[in-house]
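Novice: Would you mind keeping the following structure in view while I ask a few things?
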Amino acid sequence: MECYSQQTCALFVDGELVADESRRLREHLATCGRCRRLVDALREENRILSESLDELPEEAPARSRLRRSWLWGDLAALIGVLALGSMILMWFDRLSLPAALEWFNPFSLSGRTNLLFDLSYYVGEGGTAMLSNYAAVVGWLCLLLLLGGAALLLGRRGRLRSDGLCVLMVLLAFSLPGHALERRHSEFIIVAANETVDDTLLAAANTVRVEGVINGDLLAFGRTVEIRGTVKGDLVCWAQRTEISGTVEGRIYNFSREFDLDGQLGHSLYGLMQYVRVADRAHVGEGILAGAGDVSLEGEVKRSVNIFTSHADVSGSVGRDLSMAGGRLSVSSAARIGGNLSARVRHLNDVHIADGATIAGKRDIQLNVRKSNFARPRFYVHQAIWLAAALLVGWLGLLLFPGFFRATTRAVGSGWLSFGLGIAVLAGVPVAMIVIAITLVGLPISLMLLAVYLAGLYLAKIWVGAYLGRMLLKPSGASKGDWVLGLFVGLLILTLIGFIPYLGGLVRLGVVCLGLGALAAQLYRASRPVLSVT
């Protein structure tokens with residue numbers, strides 16, 4: 001009789017195999033030494049995992065005392081770090097900096113955008129060629145692994161299952177480059193004045209300059225992006241500085257530190273930038289929706305402008321409404337607004353409207369007063385719903401994947417190891433997704449990685465809550481009811497701590513890092529074979 005797979009034996013050990021299949025496997029174990037050794041190894045692994053957290057004091061008293069001492073030391077260090085961070089947050093919140101130095105405050109909008117773009121710049125400085133080569137190598141390796149795995153399955157099984165073949169064909173279809181996309185990677189990329197690119201252009205370089213015509217879209221990644229010619233499609237740009245003195249007939253999706261529009265835009269501008277300038281000769285065919293540290297609007301916008309900024313200076317023309325939220329707003333006498341002017345600021349003197357300014361609609365100036373969430377009944381309803389949802393997700397995880405759920409929860413107890421690994425995962429996975437998205441295999445794998453990443457961010461608090469609850473309650477048993485009770489207590493404590501001003505945000509960040517690190521460690525352990533049985 002053919003031996004059972006390791007997965008089937010694992011389900012049998014965990015008690016999740018159906019009754020008939022479990023009976024047949026028990027009969028098979030009586031005659032098969034290989035499967036019997038595999039089942040014994042799986043049981044031994046479960047025993048070790050279950051005893052790693054609930055080790056009895058009489059079995060290892062010295063180790064228990066050492067663990068408790070390290071636990072209290074870790075808690076003391078963590079409390080010290082959180083207290084220091086909360087004091088720094090309070091100091092920056094109360095500090096009033098001059099307007100010229102507002103970019104230095106990392107807790108203001110201008111300071112956060114400056115920090116964000118500085119980080120992006122220093123990571124990308126001089127690394128374009130390396131990133132391109134690395135992306136090419138990763139793409140080829142992924143393709144080779146995909147083809148090698150298919151060949152291995154064919155060799156072992158003789159044929160691929162129909163669903164596996166479909167998945168393989170879909171991945172290959174997505175991974176192969178299409179004829180409508182042209183890629184260019186170099187230190188300096190120029191589309192000359194006499195050159196016409198008929199396809200969509202993906203350009204990655206320190207400097208990307210367009211002097212000719214691109215009939216498709218332009219996807220530009222670099223330190224400086226200059227559009228002096230014509231882009232008939234959309235412009236998607238990630239750069240330190242973007243200068244447009246030519247024409248973009250489509251839309252602009254921009255993520256830059258500095259954005260300067262001195263040409264013509266056919267449709268709308270969407271983006272997140274630190275400095276935005278729409279020069280007096282610039283023309284925007286539709287509207288602007290952007291978040292920025294500083295905005296200077298001198299040209300013409302045919303439709304509405306919606307901006308979230310720390311400082312906006314409007315001296316141009318807006319065809320419809322102008323809506324602003326954030327810091328200061330200045331409207332000069334030369335400004336023309338064809339609709340309503342709406343501004344949400346902290347102080348009334350943050351809005352300056354010159355006497356000669358033309359505003360056809362209403363003026364709506366509102367103070368952005370921070371109201372306490374604790375005074376709103378719906379706040380408690382929402383928190384109760386979120387807590388119930390997290391408890392339900394944890395219960396389902398415990399019911400469907402008990403071994404993995406419990407092992408991941410115990411991995412949280414690794415402390416600083418899980419915390420450090422979680423920080424690496426939290427910062428490294430987005431970079432990996434960007435790299436994978438521009439490789440040969442491309443978007444499908446990046447989207448799957450994004451789904452796992454988002455799921456991990458949500459599940460992190462569940463595993464940390466379960467660990468915290470069990471550590472506090474110290475249940476004598478290991479039933480599902482005990483785990484659910486511990487999960488509820490831990491989630492409730494984490495929710496309450498999250499409401500503490502200044503400290504709550506740091507605690508939530510720590511919880512995410514701990515949970516992500518535990519998940520990454522357990523995924524690594526689960527990917528390794530349990531035991532080599534001969």
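If you're wondering about the labels, chains in the structure tokens are A, B, ... by order shown, residues count from 1 in each chain, ligands from 1 in order shown.
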Excluding same-chain residues fewer than 4 positions from range 243-245 of chain A, what lies within 9 Å of it counting only C-alpha atoms, as a count of residues only?
Specialist: 14
Novice: Quick one: pull the distance between CA of Ile359 in chain A and CA of Leu341 in chain A, Å, one decimal.
Specialist: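 Taking CA of Ile359 in chain A and CA of Leu341 in chain A, their separation equals 7.2 Å.
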Novice: Counting only C-alpha atoms, what is within 7 Å of Asp198 in chain A, bar same-chain residues fewer than 3 positions away, as a list of chain:residue names?
Specialist: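 So the residues in contact are A:Ile214, A:Asn215, A:Gly216.
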Novice: Could you give me, as an NGL selection string, the residues within 7 Å of range 308-320 of chain A, counting only C-alpha atoms and dropping anything in the same chain fewer than 2 positions from it?
Specialist: :A and (109-110 or 280 or 290-304 or 322 or 324-332 or 334-339)
Novice: Please, which residues of range 358-525 of chain A, numbered as in this document, come out helix (DSSP H, G or I) from DSSP, as number ranges by chain?
Specialist: A: 373-375, 377-400, 402-414, 416-437, 443-473, 480-497, 503-525
Novice: Based on the selection just made, write C-alpha atoms of those residues as a short mmCIF file (atom, residue, chain, number, x, y, z; two decimals), in the first residue's frame.
Specialist:
data_model
loop_
_atom_site.label_atom_id
_atom_site.label_comp_id
_atom_site.auth_asym_id
_atom_site.auth_seq_id
_atom_site.Cartn_x
_atom_site.Cartn_y
_atom_site.Cartn_z
CA ASN A 373 -13.39 60.45 20.66
CA PHE A 374 -14.46 59.40 24.13
CA ALA A 375 -17.35 61.85 23.97
CA PRO A 377 -21.03 56.98 21.53
CA ARG A 378 -20.27 55.60 18.09
CA PHE A 379 -16.59 55.45 19.04
CA TYR A 380 -17.35 52.77 21.63
CA VAL A 381 -19.57 50.91 19.16
CA HIS A 382 -16.80 50.86 16.57
CA GLN A 383 -14.24 49.66 19.11
CA ALA A 384 -16.59 46.88 20.27
CA ILE A 385 -17.08 45.79 16.65
CA TRP A 386 -13.34 45.78 15.96
CA LEU A 387 -12.69 43.80 19.15
CA ALA A 388 -15.39 41.26 18.30
CA ALA A 389 -14.05 40.93 14.75
CA ALA A 390 -10.50 40.32 15.97
CA LEU A 391 -11.77 37.76 18.49
CA LEU A 392 -13.75 36.00 15.75
CA VAL A 393 -10.74 35.90 13.42
CA GLY A 394 -8.57 34.51 16.21
CA TRP A 395 -11.17 31.85 17.05
CA LEU A 396 -11.39 30.80 13.38
CA GLY A 397 -7.60 30.64 13.15
CA LEU A 398 -7.48 28.48 16.28
CA LEU A 399 -10.24 26.25 14.92
CA LEU A 400 -8.89 25.81 11.38
CA PRO A 402 -4.61 25.11 15.66
CA GLY A 403 -1.00 23.98 15.38
CA PHE A 404 0.16 26.99 13.40
CA PHE A 405 -1.83 29.44 15.54
CA ARG A 406 -0.44 28.14 18.81
CA ALA A 407 3.12 27.92 17.54
CA THR A 408 3.00 31.49 16.23
CA THR A 409 1.58 32.71 19.53
CA ARG A 410 4.43 31.02 21.40
CA ALA A 411 6.94 32.58 18.98
CA VAL A 412 5.89 35.99 20.32
CA GLY A 413 7.64 34.98 23.53
CA SER A 414 11.00 35.21 21.78
CA TRP A 416 13.54 41.04 21.18
CA LEU A 417 14.26 38.43 18.51
CA SER A 418 10.66 38.59 17.24
CA PHE A 419 10.64 42.37 17.64
CA GLY A 420 13.79 42.86 15.56
CA LEU A 421 12.62 40.42 12.91
CA GLY A 422 9.27 42.22 12.78
CA ILE A 423 10.96 45.57 12.18
CA ALA A 424 12.89 44.02 9.30
CA VAL A 425 9.70 42.55 7.81
CA LEU A 426 7.74 45.77 8.31
CA ALA A 427 10.32 47.85 6.44
CA GLY A 428 11.65 45.28 4.00
CA VAL A 429 8.51 43.78 2.50
CA PRO A 430 7.32 47.03 0.80
CA VAL A 431 10.76 47.40 -0.82
CA ALA A 432 10.62 43.77 -1.94
CA MET A 433 7.16 44.29 -3.44
CA ILE A 434 8.41 47.25 -5.48
CA VAL A 435 11.43 45.29 -6.69
CA ILE A 436 9.34 42.24 -7.60
CA ALA A 437 6.71 44.36 -9.35
CA LEU A 443 2.76 42.10 -10.72
CA PRO A 444 1.04 38.79 -9.71
CA ILE A 445 3.68 37.78 -7.16
CA SER A 446 3.85 41.34 -5.85
CA LEU A 447 0.07 41.38 -5.32
CA MET A 448 0.16 38.02 -3.54
CA LEU A 449 2.95 39.31 -1.30
CA LEU A 450 0.89 42.44 -0.60
CA ALA A 451 -2.09 40.30 0.44
CA VAL A 452 0.07 38.27 2.84
CA TYR A 453 1.64 41.46 4.18
CA LEU A 454 -1.71 43.12 4.90
CA ALA A 455 -3.04 39.95 6.51
CA GLY A 456 0.07 39.79 8.70
CA LEU A 457 -0.39 43.40 9.80
CA TYR A 458 -3.92 42.63 10.95
CA LEU A 459 -3.14 39.26 12.56
CA ALA A 460 -0.15 40.62 14.48
CA LYS A 461 -2.29 42.00 17.29
CA ILE A 462 -4.20 38.71 17.54
CA TRP A 463 -1.10 36.64 18.21
CA VAL A 464 0.34 39.20 20.62
CA GLY A 465 -3.02 39.42 22.39
CA ALA A 466 -3.23 35.63 22.71
CA TYR A 467 0.30 35.48 24.14
CA LEU A 468 -0.38 38.33 26.57
CA GLY A 469 -3.63 36.77 27.76
CA ARG A 470 -2.08 33.36 28.38
CA MET A 471 0.87 34.92 30.15
CA LEU A 472 -1.46 36.77 32.53
CA LEU A 473 -4.08 34.06 33.10
CA LYS A 480 -9.71 25.98 22.78
CA GLY A 481 -11.81 27.68 25.46
CA ASP A 482 -8.70 28.61 27.44
CA TRP A 483 -7.04 29.99 24.32
CA VAL A 484 -10.11 32.05 23.37
CA LEU A 485 -10.39 33.46 26.90
CA GLY A 486 -6.73 34.43 26.88
CA LEU A 487 -7.13 35.99 23.44
CA PHE A 488 -10.07 38.09 24.65
CA VAL A 489 -8.20 39.33 27.71
CA GLY A 490 -5.09 40.17 25.70
CA LEU A 491 -6.99 42.00 22.95
CA LEU A 492 -8.95 43.97 25.54
CA ILE A 493 -5.75 45.09 27.27
CA LEU A 494 -4.08 46.06 24.00
CA THR A 495 -7.18 48.02 22.96
CA LEU A 496 -7.26 49.95 26.24
CA ILE A 497 -3.53 50.71 26.13
CA LEU A 503 2.07 56.03 24.36
CA GLY A 504 -0.71 54.18 22.51
CA GLY A 505 0.78 54.70 19.07
CA LEU A 506 4.16 53.36 20.17
CA VAL A 507 2.50 50.34 21.76
CA ARG A 508 0.57 49.58 18.56
CA LEU A 509 3.79 49.81 16.57
CA GLY A 510 5.50 47.43 18.99
CA VAL A 511 2.60 44.99 18.75
CA VAL A 512 2.77 44.99 14.96
CA CYS A 513 6.52 44.36 15.01
CA LEU A 514 6.21 41.52 17.54
CA GLY A 515 3.38 39.85 15.66
CA LEU A 516 5.04 40.16 12.26
CA GLY A 517 8.30 38.78 13.62
CA ALA A 518 6.52 35.80 15.18
CA LEU A 519 4.67 35.13 11.90
CA ALA A 520 7.87 35.33 9.85
CA ALA A 521 9.69 32.98 12.24
CA GLN A 522 6.87 30.45 12.21
CA LEU A 523 6.52 30.56 8.42
CA TYR A 524 10.24 29.83 8.20
CA ARG A 525 9.93 26.89 10.61
#
Novice: From the options A:Asn206, A:Ser479, A:Thr200, A:Thr242, which residue's atoms come nearest to Ser186 in chain A, counting only C-alpha atoms?
Specialist: A:Asn206
Novice: Interatomic distance between CA of Ala10 in chain A and CA of His28 in chain A?
Specialist: 14.9 Å
Novice: Quick one: everything within 12 Å of Ser5 in chain A, counting only C-alpha atoms, minus sequence neighbours fewer than 3 positions away in the same chain. Send it as a PyMOL selection string.
Specialist: chain A and resi 2+8-12+25+34-36+38-39+533
Novice: Go ahead and dump the residues you just picked, N, CA and C atoms, as a PDB file, in the first residue's frame.
Specialist:
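Below you can see part_9.pdb, which holds the result:
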ATOM      1  N   GLU A   2       0.498   2.253  -0.726  1.00  0.00           N
ATOM      2  CA  GLU A   2       1.280   3.472  -0.820  1.00  0.00           C
ATOM      3  C   GLU A   2       1.269   4.233   0.502  1.00  0.00           C
ATOM      4  N   THR A   8      -0.856  14.643   5.418  1.00  0.00           N
ATOM      5  CA  THR A   8      -1.919  13.805   5.968  1.00  0.00           C
ATOM      6  C   THR A   8      -1.564  13.312   7.367  1.00  0.00           C
ATOM      7  N   CYS A   9      -0.297  12.950   7.547  1.00  0.00           N
ATOM      8  CA  CYS A   9       0.124  12.508   8.881  1.00  0.00           C
ATOM      9  C   CYS A   9       0.052  13.635   9.898  1.00  0.00           C
ATOM     10  N   ALA A  10       0.370  14.863   9.457  1.00  0.00           N
ATOM     11  CA  ALA A  10       0.275  16.008  10.359  1.00  0.00           C
ATOM     12  C   ALA A  10      -1.170  16.270  10.766  1.00  0.00           C
ATOM     13  N   LEU A  11      -2.108  16.154   9.816  1.00  0.00           N
ATOM     14  CA  LEU A  11      -3.523  16.307  10.149  1.00  0.00           C
ATOM     15  C   LEU A  11      -3.973  15.221  11.122  1.00  0.00           C
ATOM     16  N   PHE A  12      -3.466  14.010  10.955  1.00  0.00           N
ATOM     17  CA  PHE A  12      -3.814  12.914  11.863  1.00  0.00           C
ATOM     18  C   PHE A  12      -3.311  13.197  13.282  1.00  0.00           C
ATOM     19  N   LEU A  25      -5.567   5.143   8.330  1.00  0.00           N
ATOM     20  CA  LEU A  25      -4.181   5.471   8.608  1.00  0.00           C
ATOM     21  C   LEU A  25      -3.658   4.696   9.811  1.00  0.00           C
ATOM     22  N   ARG A  34       7.891   3.205   8.227  1.00  0.00           N
ATOM     23  CA  ARG A  34       8.246   4.566   7.781  1.00  0.00           C
ATOM     24  C   ARG A  34       7.205   5.572   8.236  1.00  0.00           C
ATOM     25  N   CYS A  35       5.942   5.286   7.987  1.00  0.00           N
ATOM     26  CA  CYS A  35       4.885   6.220   8.400  1.00  0.00           C
ATOM     27  C   CYS A  35       4.790   6.298   9.923  1.00  0.00           C
ATOM     28  N   ARG A  36       5.073   5.169  10.599  1.00  0.00           N
ATOM     29  CA  ARG A  36       5.014   5.188  12.061  1.00  0.00           C
ATOM     30  C   ARG A  36       6.099   6.104  12.631  1.00  0.00           C
ATOM     31  N   LEU A  38       7.383   8.677  11.073  1.00  0.00           N
ATOM     32  CA  LEU A  38       6.993  10.048  10.736  1.00  0.00           C
ATOM     33  C   LEU A  38       5.959  10.578  11.719  1.00  0.00           C
ATOM     34  N   VAL A  39       4.971   9.750  12.061  1.00  0.00           N
ATOM     35  CA  VAL A  39       3.935  10.172  13.022  1.00  0.00           C
ATOM     36  C   VAL A  39       4.555  10.398  14.398  1.00  0.00           C
ATOM     37  N   VAL A 533      12.925  11.034   7.139  1.00  0.00           N
ATOM     38  CA  VAL A 533      12.625   9.645   7.484  1.00  0.00           C
ATOM     39  C   VAL A 533      13.095   8.762   6.351  1.00  0.00           C
TER      40      VAL A 533
END
